[in-house]
Amino acid sequence: MAIFVNKDTRVVVQGITGRDGSFHSQGMLDYGTPLVAGVTPGKGGQTFADKVPVFDTVAQAVEETGANTSVIFVPPPFAAGAVYEAADAGCELVVCITEGVPTLDMVAVMPYLQERGVRLIGPNCPGLLAPGIAKLGIMPASIVKEGKVGLVSRSGTLTYEVVWQLTNAGLGQSTCLGIGGDPVIGTTFMDAVQAFAADPETEALVLIGEIGGDAEEKAAEYIQANVDMPVVAFIAGRTAPPGKRMGHAGAIVTGGSGTAADKTKALEAAGIPVAERAMDIVSLLQKQQG
Amino acid sequence: MAIFVNKDTRVVVQGITGRDGSFHSQGMLDYGTPLVAGVTPGKGGQTFADKVPVFDTVAQAVEETGANTSVIFVPPPFAAGAVYEAADAGCELVVCITEGVPTLDMVAVMPYLQERGVRLIGPNCPGLLAPGIAKLGIMPASIVKEGKVGLVSRSGTLTYEVVWQLTNAGLGQSTCLGIGGDPVIGTTFMDAVQAFAADPETEALVLIGEIGGDAEEKAAEYIQANVDMPVVAFIAGRTAPPGKRMGHAGAIVTGGSGTAADKTKALEAAGIPVAERAMDIVSLLQKQQG
Amino acid sequence: MNIHEYQGRDVFRQHGLPVPPGKVADSADKAVAIAKELGLPVMVKAQVLTGGRGKAGGVKFCATIEDVEENARNIVGMDIKSHTVRKVLVTPAVDIAEEFYLGMLVDRRSGRVHVMASAEGGVEIEQVAKDNPEAIVHHAIDPRYGLLDHEALGLGLKLYPTDIKKARQLGSALQKIYTAFVAADASLAEINPWIFTTKGEGLAIDAKINLDDNALFRHPNYEELRDRLSEDPSERQAREADLSFVKLQGNVGCLVNGAGLAMATMDLVKYYGGQPANFLDIGGSSNPEKVVNALRIILQDDEVKAILFNIFGGITRCDDVARGIIEATGQLDIKVPIVVRLTGTNEEEARALLAGTDLVPAATMDEAVQKAIELAGNA
Amino acid sequence: MNIHEYQGRDVFRQHGLPVPPGKVADSADKAVAIAKELGLPVMVKAQVLTGGRGKAGGVKFCATIEDVEENARNIVGMDIKSHTVRKVLVTPAVDIAEEFYLGMLVDRRSGRVHVMASAEGGVEIEQVAKDNPEAIVHHAIDPRYGLLDHEALGLGLKLYPTDIKKARQLGSALQKIYTAFVAADASLAEINPWIFTTKGEGLAIDAKINLDDNALFRHPNYEELRDRLSEDPSERQAREADLSFVKLQGNVGCLVNGAGLAMATMDLVKYYGGQPANFLDIGGSSNPEKVVNALRIILQDDEVKAILFNIFGGITRCDDVARGIIEATGQLDIKVPIVVRLTGTNEEEARALLAGTDLVPAATMDEAVQKAIELAGNA
C-alpha cells in the first residue's frame with residue numbers, strides 16, 4: 001500500500017509551533033495524517049489546532065502519545081539535534097524537512113541512526129506522501145491520487161510537477177517520496193528502490209534524479225538485477241555547468257563525474273528509459289506498462 | 001578446558017620488541033603459546049626469537065599469520081591506540097597488560113570493541129593463563145597446574161600467591177584470569193564468572209576481589225541465581241582507609257561504598273564463603289567440594 | 001564557498017600543519033618587499049579560485065628580486081580560466097625531494113569524510129584516478145572516532161612503506177587535515193603537493209579548502225574570507241539576496257521555484273533549441289521582494305531577451321504567486337516579454353489575474369518554454 | 001590527584017562555565033586587599049582538599065572588611081579533618097535563590113562518564129543518595145557522541161521542569177562540565193552548589209575536580225596545581241620515587257610487590273593483631289634503588305618497629321630479589337628487624353642468600369606476618 005508508513009504510523013512534529021511547522025502540520029492534519037503530538041521546548045502543555053498536545057521533548061511526546069514517526073521543521077542549526085532526539089526517543093522513522101543543514105552534522109548523526117535502526121528521510125526534502133494513508137512533510141496533497149506507481153525523487157517542485165502529470169493521466173501513486181537534495185541523506189535512491197520493490201502494492205516506478213553523485217547509477221544496477229516492474233527515469237540538470245552548485249547542495253558536477261549524461265547512460269544500459277522532458281514520463285510509463 | 005582461549009588461538013604481541021614485550025613474549029613462547037606474530041611500527045621485517053615475524057601493523061600481522069588474539073605491552077600513552085588497532089584488524093580477544101592507561105582512553109575505546117564484538121582483558125592486568133593451552137600475559141607459568149578450578153582476580157601477585165597455594169594443594173586450574181585493577185576494564189568479574197559457568201571443564205571457582213566498585217557484589221548475585229559449582233572468594237583491602245587509592249586505580253573506597261565489608265557481606269549472603277586469609281582459600285574450597 | 005590558497009594555509013596552520021611562511025601582495029612592489037623580507041629564492045603564486053594555475057603560468061620560481069618583480073607584474077591581472085588574478089602569494093621556495101597528494105572530501109556514498117591520498121603528488125587527483133586508480137589510498141573516517149592513530153599510520157605506511165618516520169608524518173598530517181576539516185566545516189580539503197624536502201622535512205606546499213555553505217552560520221569570521229571581487233557580480237548579488245543563482249550564457253532568463261524544477265526548465269529551454277541565461281531558484285514563497293531582486297539580477301544581463309517564470313504552485317496558492325509576480329514586475333521598468341506558467345492550486349484564478357496584464361500566460365512548462373524561446377528570438 | 005576549589009574554578013571557567021571572580025590569599029591582609037578590590041560582601045572560603053569545610057567553620061560570609069580580616073585570620077591555619085588550611089578564596093557573595101548539585105564521575109559499571117545531578121544542591125550528594133535517591137538524576141554519557149543537546153535539555157528539564165530558560169542553563173552547564181571533564185582527564189567533577197540568583201542568573205559557586213593520575217602525563221601543566229604542602233611528606237616522597245604508598249598508623253612497615261598482595265598483607269597483619277604502618281607496592285622489579293627509596297620512606301616513621309618484605313617471585317627470580325634486598329638494606333643504617341618472605345622461582349636459593357644476613361627469613365606469608373608482629377612488639 002505504501003513504503004515506510006502504515007496504519008500504525010503515529011506522527012510527532014518537531015517544531016510544531018514554528019511558522020513552517022504549524023503551517024504544514026495543519027496540512028498533514030487536513031490530509032488525515034495521524035498527527036498525535038508536537039514538540040517545542042518551553043511550550044509543553046499547549047495544544048496545536050485544538051487537538052494535538054505539545055510537549056517539551058520528543059521523549060515525553062513518545063511516552064504520552066505512542067508517537068513512532070517524527071517530522072522535523074526546526075531551523076538548520078538545530079536540525080541534527082532534533083534528529084538525535086527523535087531517534088533517541090524511539091521514533092523509527094524521522095523525516096527532516098529542514099533545508100540548509102550543515103553536511104558534517106548529518107555525517108555525525110548517521111551512525112547514531114544506524115545503531116538504533118532508525119530510518120531518516122532527508123534532510124532538505126519535501127518528505128513523503130502515501131495517498132490515502134499519511135502525509136509526512138510538505139508535498140501538496142491536492143496533486144496526488146491513490147494508485148500503484150512508486151515515485152522517488154531528489155527534488156521538490158519537480159516532483160510535484162511529475163506527480164501532477166501522473167495524476168492527470170490517471171496514474172495514481174502508492175507513495176511519493178522526496179529524499180532530498182543534500183549530499184548526505186538518510187534514505188538513498190537505492191533504499192527507496194529496494195523498499196518499493198518489496199512493496200506488493202507498487203507496480204511501477206518513477207525515478208527523478210539530478211546531477212551530482214552516483215545514486216542513480218547505483219539504483220540502476222540494482223534495478224537491472226533485482227526489479228521486475230516497469231521503471232522510468234528523469235534526470236534534471238543536463239545543461240548545468242560543471243563545478244557550480246545548482247541550488248541543492250548535492251546538485252553539482254565535480255571532476256567530470258555526476259553528469260546527467262553519465263546517469264542517463266547508466267540507466268539506459270540497465271534497460272530503464274530516461275525521459276528527455278518531464279512530460280514524457282507519463283507516456284514512457286504507459287509504454288512500459290504496455 | 002579453558003575460557004577465552006582454545007586450540008585455534010593464534011597470538012600477536014603488540015610491542016614485542018620493547019623491554020617488557022620481548023621478555024614476556026619469550027615467556028609465552030617457552031610455555032608453548034601459539035605466538036605467531038609481533039608488531040612494532042618501523043620494525044616490520046625483523047624476526048623475534050629467531051622464529052616470530054615482526055610487522056609494522058596488526059593488520060599486516062593478521063593478514064600474514066592469521067593471528068586472532070593480541071597481547072599488548074605498549075606504553076600507556078599508546079595502549080588504547082593499540083587496542084583500537086587490534087580490534088580493527090580483526091582480533092577477537094585483546095589482552096592489555098599495560099599499567100597506567102588513562103581511564104578516559106578506556107571509556108572511549110569500549111564502544112568500539114562492543115561494536116566489533118571484541119573481548120578485551122585488562123588493562124593493567126597480568127593476563128590469562130590456561131594451563132596446557134596458552135599463556136597470554138605475564139603470569140608465571142611455573143606456579144600453575146592443569147585442573148578444574150577457575151580463578152578470576154583483580155590483582156597480580158596476590159593471584160599468583162593463591163594459584164601457588166592451589167597448585168601446592170593439588171588443585172589444578174582450568175584458567176587463571178587477571179582482569180586488572182583499573183576502574184574501567186574490558187572483561188569484568190561478571191563476564192568471567194559467566195564464562196567459567198559455561199565451561200564444562202571448570203568445576204570450582206575462586207574469586208579474588210578487592211576494595212572499590214561493586215563488581216564482586218554483582219558477581220555474587222549472579223552466582224547465587226545461576227552457578228551450581230563450589231565458589232570461594234577472598235577480598236583484599238579490609239584495612240584500607242577510605243578515599244585512598246591503594247596502588248590500583250580502581251582500589252579505592254569512595255563515599256562509603258566499595259568496602260571489603262560490603263563485598264564480604266554480599267558474597268556470604270549469596271552463599272559464597274569468603275576466606276579471611278588468602279591461605280584459607282584452599283581449605284574452604286576443599287570443604288565446599290566435599 | 002571556496003577560499004584562496006593563502007587563506008587555506010592559515011586554516012591548516014591553525015590546526016598544526018607545517019606550512020611555510022608567506023604573504024600575499026596585490027602589486028609587484030609589494031611582492032618584492034615580501035621577497036626581501038623572506039629571503040630568496042621564493043615562489044610567486046597566483047591566488048585564484050580555479051585549478052591549472054601552473055599550466056597557465058601563474059606559479060613561478062624566482063631566484064632574484066628581478067624575477068620576483070617581473071613575475072609578480074605578469075601574474076597580477078592575469079586571466080586564468082576567466083578568473084582575474086588579483087593577488088599573489090610570495091613564499092620561500094623549498095627544496096622538494098618528494099611530492100604527495102593528501103585530500104579529504106565528504107563522500108556521498110559512505111556519508112563520511114573520505115580520505116584520498118596518493119604518492120603521485122603535484123598532479124590533479126582526477127588525473128591520477130583516471131590513469132592509475134590503484135595509486136590512490138582511500139579511507140572513510142568514522143565520525144564517532146575520528147581518524148584513529150593506527151588508521152593514520154596505516155595510511156602513512158601505504159603512502160610510504162619504507163620509511164616509518166615519513167609514514168608517521170604523513171599519517172599525522174592526515175589527522176590534522178581532518179581536524180581542520182571538521183573545525184572549518186569543509187566540504188573539501190586538499191594539500192597538493194605535500195612535500196618532503198631533501199632533509200626529510202614534511203611541508204604543506206599548497207592548500208585548497210572548500211567550505212560548506214550550509215555551515216557558514218557557524219563561522220561568521222569566514223565571511224571576510226570571501227573574495228567578492230572574484231565572484232560574478234550577479235551571483236554575488238543573488239547570494240546577498242538569498243537566491244540560488246548561476247549565471248549562464250543565454251537569452252532566456254529563468255525564474256523557477258525549486259532547484260530540480262529550475263534545472264529541468266533550463267534543460268527544456270535547451271531541448272527546444274533555446275539558451276537559458278541562468279539557473280535561478282526563487283524558493284517556496286511568493287514574496288514580491290524576492291521576485292523583484294531576482295528580476296533585477298537577471299535584467300542586468302543585456303543578453304536576456306525574454307523572461308520565463310515556471311512556478312509549480314503546490315502548497316502556495318497560484319493566485320497568491322500571480323499577485324506577487326504582478327506586483328514585482330510593476331516595480332520595475334521591464335522591456336522584455338515575460339512568460340508566466342503557474343500550475344497547481346488555484347491555477348485558474350491565477351490565469352485570470354494575469355489576463356489583465358502584459359504577462360504572457362502559459363498552461364504547461366512545455367508551452368511556457370516554447371513561448372519564451374520564440375519571444376526571445378523575435379526580440 | 002585532587003585540586004583545590006580555586007584551581008577547579010579556573011578549569012571550569014576555561015570551558016565556558018559562569019564562575020564568579022575571586023582570588024586566593026594566604027594571609028588576612030591579602031584577603032582584605034582582595035575583598036576591597038572585589039567589593040563587599042564577600043565569602044572567605046578555606047582551600048583544603050577535604051569535604052565538610054562549611055561545618056568546620058571554613059566558609060564565612062563577610063559583610064564588612066573587619067569580617068574579612070577576622071574570618072581570614074581564623075581560617076588560615078585552621079585544621080579541617082587533619083588538613084591544614086593554607087589559603088582562602090575570597091569571592092563576591094551572591095544572592096542565592098536556588099541551589100543545585102551538578103556532578104560527573106567515571107562509572108565503573110557502565111564504563112562511562114556518569115552524570116549525577118540534583119535539585120537538592122548544597123548538600124553532599126552521598127547524603128542525598130541515602131535520604132532521597134529519587135532526587136538524583138542520572139545519565140551515562142556515550143563517549144562517541146558526548147552529552148547531546150537533547151540529553152542535556154532533558155536533564156535540565158528533570159531538574160527544573162517549570163522553567164525552560166533555567167532548564168537550558170542547567171543542561172548547558174552539564175555540557176560544559178563534560179567538556180571540561182574530558183579535556184582535563186578528570187575522574188570526578190562537581191559543582192555544588194550551582195545556583196540561580198534571585199535574578200535567574202546561573203553561577204558555579206563551588207568547584208571540585210579530581211584528576212586521573214594515569215593521565216597526568218598528558219597535562220604537564222597540572223603538576224603546578226599539585227598542593228605539595230597539603231600532601232603527607234612521606235606520600236609525596238613516595239610519589240616522586242614512583243612508588244604506590246599510603247601512610248597508616250601502625251608499627252609494621254610493609255614492602256610488598258603488587259597492590260593486591262600489599263592489601264592482603266596489611267589485612268593479615270591486622271588479622272594477627274598487629275598494625276600495618278603503611279601500604280606500599282614496590283612494583284615488579286628487584287631494582288635495589290626502588291627498595292632503598294621505599295625503606296627510607298618507611299623508616300622516617302619512628303613508629304615503625306619492624307619491617308616486613310612480602311615478595312611473590314613470580315616471573316622475577318627470588319634469588320635476584322633477595323640480592324636486591326640485601327644490597328638495599330646494606331646501604332642504609334637500619335635499626336629495626338627485617339622479616340623477608342620470598343616465594344616462587346628459585347625460592348631455596350634466595351633463602352640460602354638471606355641465611356648469611358641479619359634478615360629474618362620466612363617461608364610463608366602467614367609466618368612472615370606473625371614474625372614481624374612479634375618482633376615489632378618486642379622492640
# chains A, B, ... in the order shown; residues from 1 in each chain; ligands from 1
>>> closest_atom_pairs(of="chain B", to="chain D", cutoff="6 Å", atoms="only C-alpha atoms", output="CSV")
residue,atom,partner,partner_atom,distance
B:Gly100,CA,D:Asn214,CA,5.0
B:Val101,CA,D:Asn214,CA,5.8
B:Pro102,CA,D:Ala215,CA,4.7
B:Val107,CA,D:Arg112,CA,5.6
B:Ala108,CA,D:Pro143,CA,5.5
B:Pro140,CA,D:Gly314,CA,5.1
B:Ser155,CA,D:Gly260,CA,5.0
B:Thr157,CA,D:Gly258,CA,5.5
B:Leu158,CA,D:Leu261,CA,4.4
B:Pro183,CA,D:Arg108,CA,5.4
B:Val184,CA,D:Gly111,CA,5.4
B:Ala236,CA,D:Ala264,CA,4.9
B:Gly237,CA,D:Met263,CA,4.8
B:Arg238,CA,D:Asp267,CA,5.8
B:Thr239,CA,D:Asp267,CA,5.5
B:Gly247,CA,D:Ala259,CA,5.1
>>> write_last_selection(atoms="N, CA and C atoms", output="PDB file, in the first residue's frame")
ATOM      1  N   GLY B 100      48.664   1.891  33.905  1.00  0.00           N
ATOM      2  CA  GLY B 100      48.751   3.355  33.848  1.00  0.00           C
ATOM      3  C   GLY B 100      48.060   3.956  32.653  1.00  0.00           C
ATOM      4  N   VAL B 101      47.096   3.248  32.081  1.00  0.00           N
ATOM      5  CA  VAL B 101      46.364   3.784  30.929  1.00  0.00           C
ATOM      6  C   VAL B 101      45.328   4.800  31.428  1.00  0.00           C
ATOM      7  N   PRO B 102      45.269   5.991  30.835  1.00  0.00           N
ATOM      8  CA  PRO B 102      44.263   6.965  31.255  1.00  0.00           C
ATOM      9  C   PRO B 102      42.858   6.368  31.182  1.00  0.00           C
ATOM     10  N   VAL B 107      37.393   4.433  28.473  1.00  0.00           N
ATOM     11  CA  VAL B 107      35.981   4.789  28.276  1.00  0.00           C
ATOM     12  C   VAL B 107      35.699   4.952  26.775  1.00  0.00           C
ATOM     13  N   ALA B 108      36.627   5.595  26.083  1.00  0.00           N
ATOM     14  CA  ALA B 108      36.418   5.876  24.658  1.00  0.00           C
ATOM     15  C   ALA B 108      36.489   4.617  23.808  1.00  0.00           C
ATOM     16  N   PRO B 140      53.334 -16.108  35.979  1.00  0.00           N
ATOM     17  CA  PRO B 140      54.419 -17.092  35.970  1.00  0.00           C
ATOM     18  C   PRO B 140      53.875 -18.479  35.679  1.00  0.00           C
ATOM     19  N   SER B 155      43.773  -8.758  40.935  1.00  0.00           N
ATOM     20  CA  SER B 155      45.153  -8.500  41.334  1.00  0.00           C
ATOM     21  C   SER B 155      46.164  -9.228  40.457  1.00  0.00           C
ATOM     22  N   THR B 157      50.130 -10.185  41.805  1.00  0.00           N
ATOM     23  CA  THR B 157      50.882 -11.114  42.653  1.00  0.00           C
ATOM     24  C   THR B 157      49.994 -11.826  43.671  1.00  0.00           C
ATOM     25  N   LEU B 158      48.923 -11.183  44.114  1.00  0.00           N
ATOM     26  CA  LEU B 158      48.010 -11.880  45.027  1.00  0.00           C
ATOM     27  C   LEU B 158      47.397 -13.102  44.330  1.00  0.00           C
ATOM     28  N   PRO B 183      39.560   1.095  37.064  1.00  0.00           N
ATOM     29  CA  PRO B 183      38.114   1.284  37.214  1.00  0.00           C
ATOM     30  C   PRO B 183      37.325   0.827  35.977  1.00  0.00           C
ATOM     31  N   VAL B 184      37.861   1.080  34.803  1.00  0.00           N
ATOM     32  CA  VAL B 184      37.152   0.692  33.583  1.00  0.00           C
ATOM     33  C   VAL B 184      37.962  -0.375  32.873  1.00  0.00           C
ATOM     34  N   ALA B 236      40.666  -8.413  49.171  1.00  0.00           N
ATOM     35  CA  ALA B 236      41.819  -7.703  49.720  1.00  0.00           C
ATOM     36  C   ALA B 236      41.448  -6.263  50.047  1.00  0.00           C
ATOM     37  N   GLY B 237      42.016  -5.754  51.126  1.00  0.00           N
ATOM     38  CA  GLY B 237      41.829  -4.330  51.445  1.00  0.00           C
ATOM     39  C   GLY B 237      40.901  -4.076  52.610  1.00  0.00           C
ATOM     40  N   ARG B 238      40.750  -5.044  53.498  1.00  0.00           N
ATOM     41  CA  ARG B 238      39.849  -4.823  54.634  1.00  0.00           C
ATOM     42  C   ARG B 238      40.347  -3.689  55.523  1.00  0.00           C
ATOM     43  N   THR B 239      41.659  -3.481  55.528  1.00  0.00           N
ATOM     44  CA  THR B 239      42.225  -2.447  56.400  1.00  0.00           C
ATOM     45  C   THR B 239      42.531  -1.150  55.646  1.00  0.00           C
ATOM     46  N   GLY B 247      47.254   1.625  45.347  1.00  0.00           N
ATOM     47  CA  GLY B 247      48.004   1.088  44.214  1.00  0.00           C
ATOM     48  C   GLY B 247      47.185   1.053  42.937  1.00  0.00           C
TER      49      GLY B 247
END
>>> interface_residues(of="chain B", to="chain A", cutoff="12 Å", atoms="only C-alpha atoms", output="list in words")
Pro111, Gln114 and Glu115 of chain B
>>> atom_distance(atom1="atom CA of A:Thr187", atom2="atom CA of A:Leu128")
11.5 Å
>>> residues_around(residues="C:Val44", least_positions_apart="6", cutoff="8 Å", atoms="only C-alpha atoms", output="VMD selection string")
chain C and resid 58 to 62 68 71 to 72 88 to 91
>>> residues_around(residues="B:Tyr84", least_positions_apart="2", cutoff="10 Å", atoms="only C-alpha atoms", output="number ranges by chain")
B: 79-82, 86-89, 94, 108-110, 112-113; C: 145, 148-151
>>> write_last_selection(atoms="C-alpha atoms", output="mmCIF file, in the first residue's frame")
data_model
loop_
_atom_site.group_PDB
_atom_site.id
_atom_site.type_symbol
_atom_site.label_atom_id
_atom_site.label_comp_id
_atom_site.auth_asym_id
_atom_site.auth_seq_id
_atom_site.Cartn_x
_atom_site.Cartn_y
_atom_site.Cartn_z
ATOM 1 C CA ALA B 79 47.867 1.491 24.858
ATOM 2 C CA ALA B 80 44.324 2.487 23.885
ATOM 3 C CA GLY B 81 45.537 3.101 20.331
ATOM 4 C CA ALA B 82 46.902 -0.428 20.290
ATOM 5 C CA ALA B 86 43.953 -4.904 17.334
ATOM 6 C CA ALA B 87 40.152 -4.725 17.235
ATOM 7 C CA ASP B 88 40.142 -3.108 13.813
ATOM 8 C CA ALA B 89 42.499 -5.749 12.455
ATOM 9 C CA VAL B 94 42.762 -8.455 23.176
ATOM 10 C CA ALA B 108 36.418 5.876 24.658
ATOM 11 C CA VAL B 109 37.581 2.535 23.307
ATOM 12 C CA MET B 110 34.862 0.441 24.958
ATOM 13 C CA TYR B 112 34.486 0.446 19.598
ATOM 14 C CA LEU B 113 35.080 -3.035 20.998
ATOM 15 C CA TYR C 145 36.148 8.021 16.421
ATOM 16 C CA LEU C 148 42.499 6.924 14.711
ATOM 17 C CA ASP C 149 46.238 6.675 15.200
ATOM 18 C CA HIS C 150 46.529 3.221 13.693
ATOM 19 C CA GLU C 151 44.417 4.234 10.726
#
>>> residues_around(residues="C:Leu229", least_positions_apart="4", cutoff="12 Å", atoms="only C-alpha atoms", output="PDB file with N, CA and C atoms, in the first residue's frame")
ATOM      1  N   VAL C  48      43.924  32.381  -7.078  1.00  0.00           N
ATOM      2  CA  VAL C  48      42.773  32.405  -7.966  1.00  0.00           C
ATOM      3  C   VAL C  48      41.955  31.151  -7.691  1.00  0.00           C
ATOM      4  N   LEU C  49      40.604  31.301  -7.730  1.00  0.00           N
ATOM      5  CA  LEU C  49      39.750  30.200  -7.312  1.00  0.00           C
ATOM      6  C   LEU C  49      39.476  29.233  -8.463  1.00  0.00           C
ATOM      7  N   HIS C  83      39.162  33.761 -14.644  1.00  0.00           N
ATOM      8  CA  HIS C  83      39.317  34.381 -13.333  1.00  0.00           C
ATOM      9  C   HIS C  83      40.488  35.361 -13.406  1.00  0.00           C
ATOM     10  N   THR C  84      40.248  36.581 -12.973  1.00  0.00           N
ATOM     11  CA  THR C  84      41.328  37.559 -12.956  1.00  0.00           C
ATOM     12  C   THR C  84      42.137  37.400 -11.666  1.00  0.00           C
ATOM     13  N   VAL C  85      43.446  37.308 -11.798  1.00  0.00           N
ATOM     14  CA  VAL C  85      44.310  37.187 -10.623  1.00  0.00           C
ATOM     15  C   VAL C  85      44.481  38.575  -9.999  1.00  0.00           C
ATOM     16  N   ARG C  86      44.123  38.697  -8.719  1.00  0.00           N
ATOM     17  CA  ARG C  86      44.240  39.985  -8.044  1.00  0.00           C
ATOM     18  C   ARG C  86      45.353  40.002  -7.006  1.00  0.00           C
ATOM     19  N   LYS C  87      45.747  38.792  -6.579  1.00  0.00           N
ATOM     20  CA  LYS C  87      46.780  38.720  -5.558  1.00  0.00           C
ATOM     21  C   LYS C  87      47.736  37.586  -5.867  1.00  0.00           C
ATOM     22  N   LEU C 225      36.627  35.943   4.535  1.00  0.00           N
ATOM     23  CA  LEU C 225      37.494  35.204   3.613  1.00  0.00           C
ATOM     24  C   LEU C 225      36.930  35.209   2.199  1.00  0.00           C
ATOM     25  N   PRO C 233      29.474  39.350 -10.487  1.00  0.00           N
ATOM     26  CA  PRO C 233      28.693  40.353  -9.737  1.00  0.00           C
ATOM     27  C   PRO C 233      27.241  39.945  -9.556  1.00  0.00           C
ATOM     28  N   SER C 234      26.651  39.336 -10.564  1.00  0.00           N
ATOM     29  CA  SER C 234      25.240  38.969 -10.422  1.00  0.00           C
ATOM     30  C   SER C 234      25.097  37.816  -9.439  1.00  0.00           C
ATOM     31  N   GLU C 235      26.062  36.899  -9.427  1.00  0.00           N
ATOM     32  CA  GLU C 235      25.989  35.797  -8.466  1.00  0.00           C
ATOM     33  C   GLU C 235      26.155  36.324  -7.038  1.00  0.00           C
ATOM     34  N   ARG C 236      27.018  37.351  -6.887  1.00  0.00           N
ATOM     35  CA  ARG C 236      27.194  37.935  -5.557  1.00  0.00           C
ATOM     36  C   ARG C 236      25.886  38.583  -5.083  1.00  0.00           C
ATOM     37  N   GLN C 237      25.274  39.356  -5.980  1.00  0.00           N
ATOM     38  CA  GLN C 237      24.006  39.979  -5.600  1.00  0.00           C
ATOM     39  C   GLN C 237      22.962  38.933  -5.237  1.00  0.00           C
TER      40      GLN C 237
END
>>> select_by_dssp(residues="stretch 37-198 of chain D", states="helix (DSSP H, G or I)", output="JSON, numbers by chain")
{"D": [37, 38, 65, 66, 67, 68, 69, 70, 71, 72, 73, 74, 75, 125, 126, 127, 128, 129, 130, 131, 133, 134, 135, 149, 150, 151, 152, 153, 154, 155, 156, 157, 158, 159, 164, 165, 166, 167, 168, 169, 170, 171, 172, 173, 174, 175, 176, 177, 178, 179, 180, 181, 182, 183, 184]}
>>> residues_around(residues="A:Gly213", least_positions_apart="2", cutoff="9 Å", atoms="only C-alpha atoms", output="JSON, numbers by chain")
{"A": [183, 210, 211, 215, 216, 217, 250, 251, 252, 253, 254, 257, 258, 259], "C": [107, 108, 109]}
>>> atom_distance(atom1="atom CA of D:Leu153", atom2="atom CA of D:Lys208")
23.1 Å
>>> atom_distance(atom1="atom CA of D:Asp242", atom2="atom CA of D:Asn287")
12.5 Å
>>> closest_residue(among="C:Ala63, C:Lys165, C:Gly146, C:Glu37", to="chain D", atoms="only C-alpha atoms")
C:Gly146
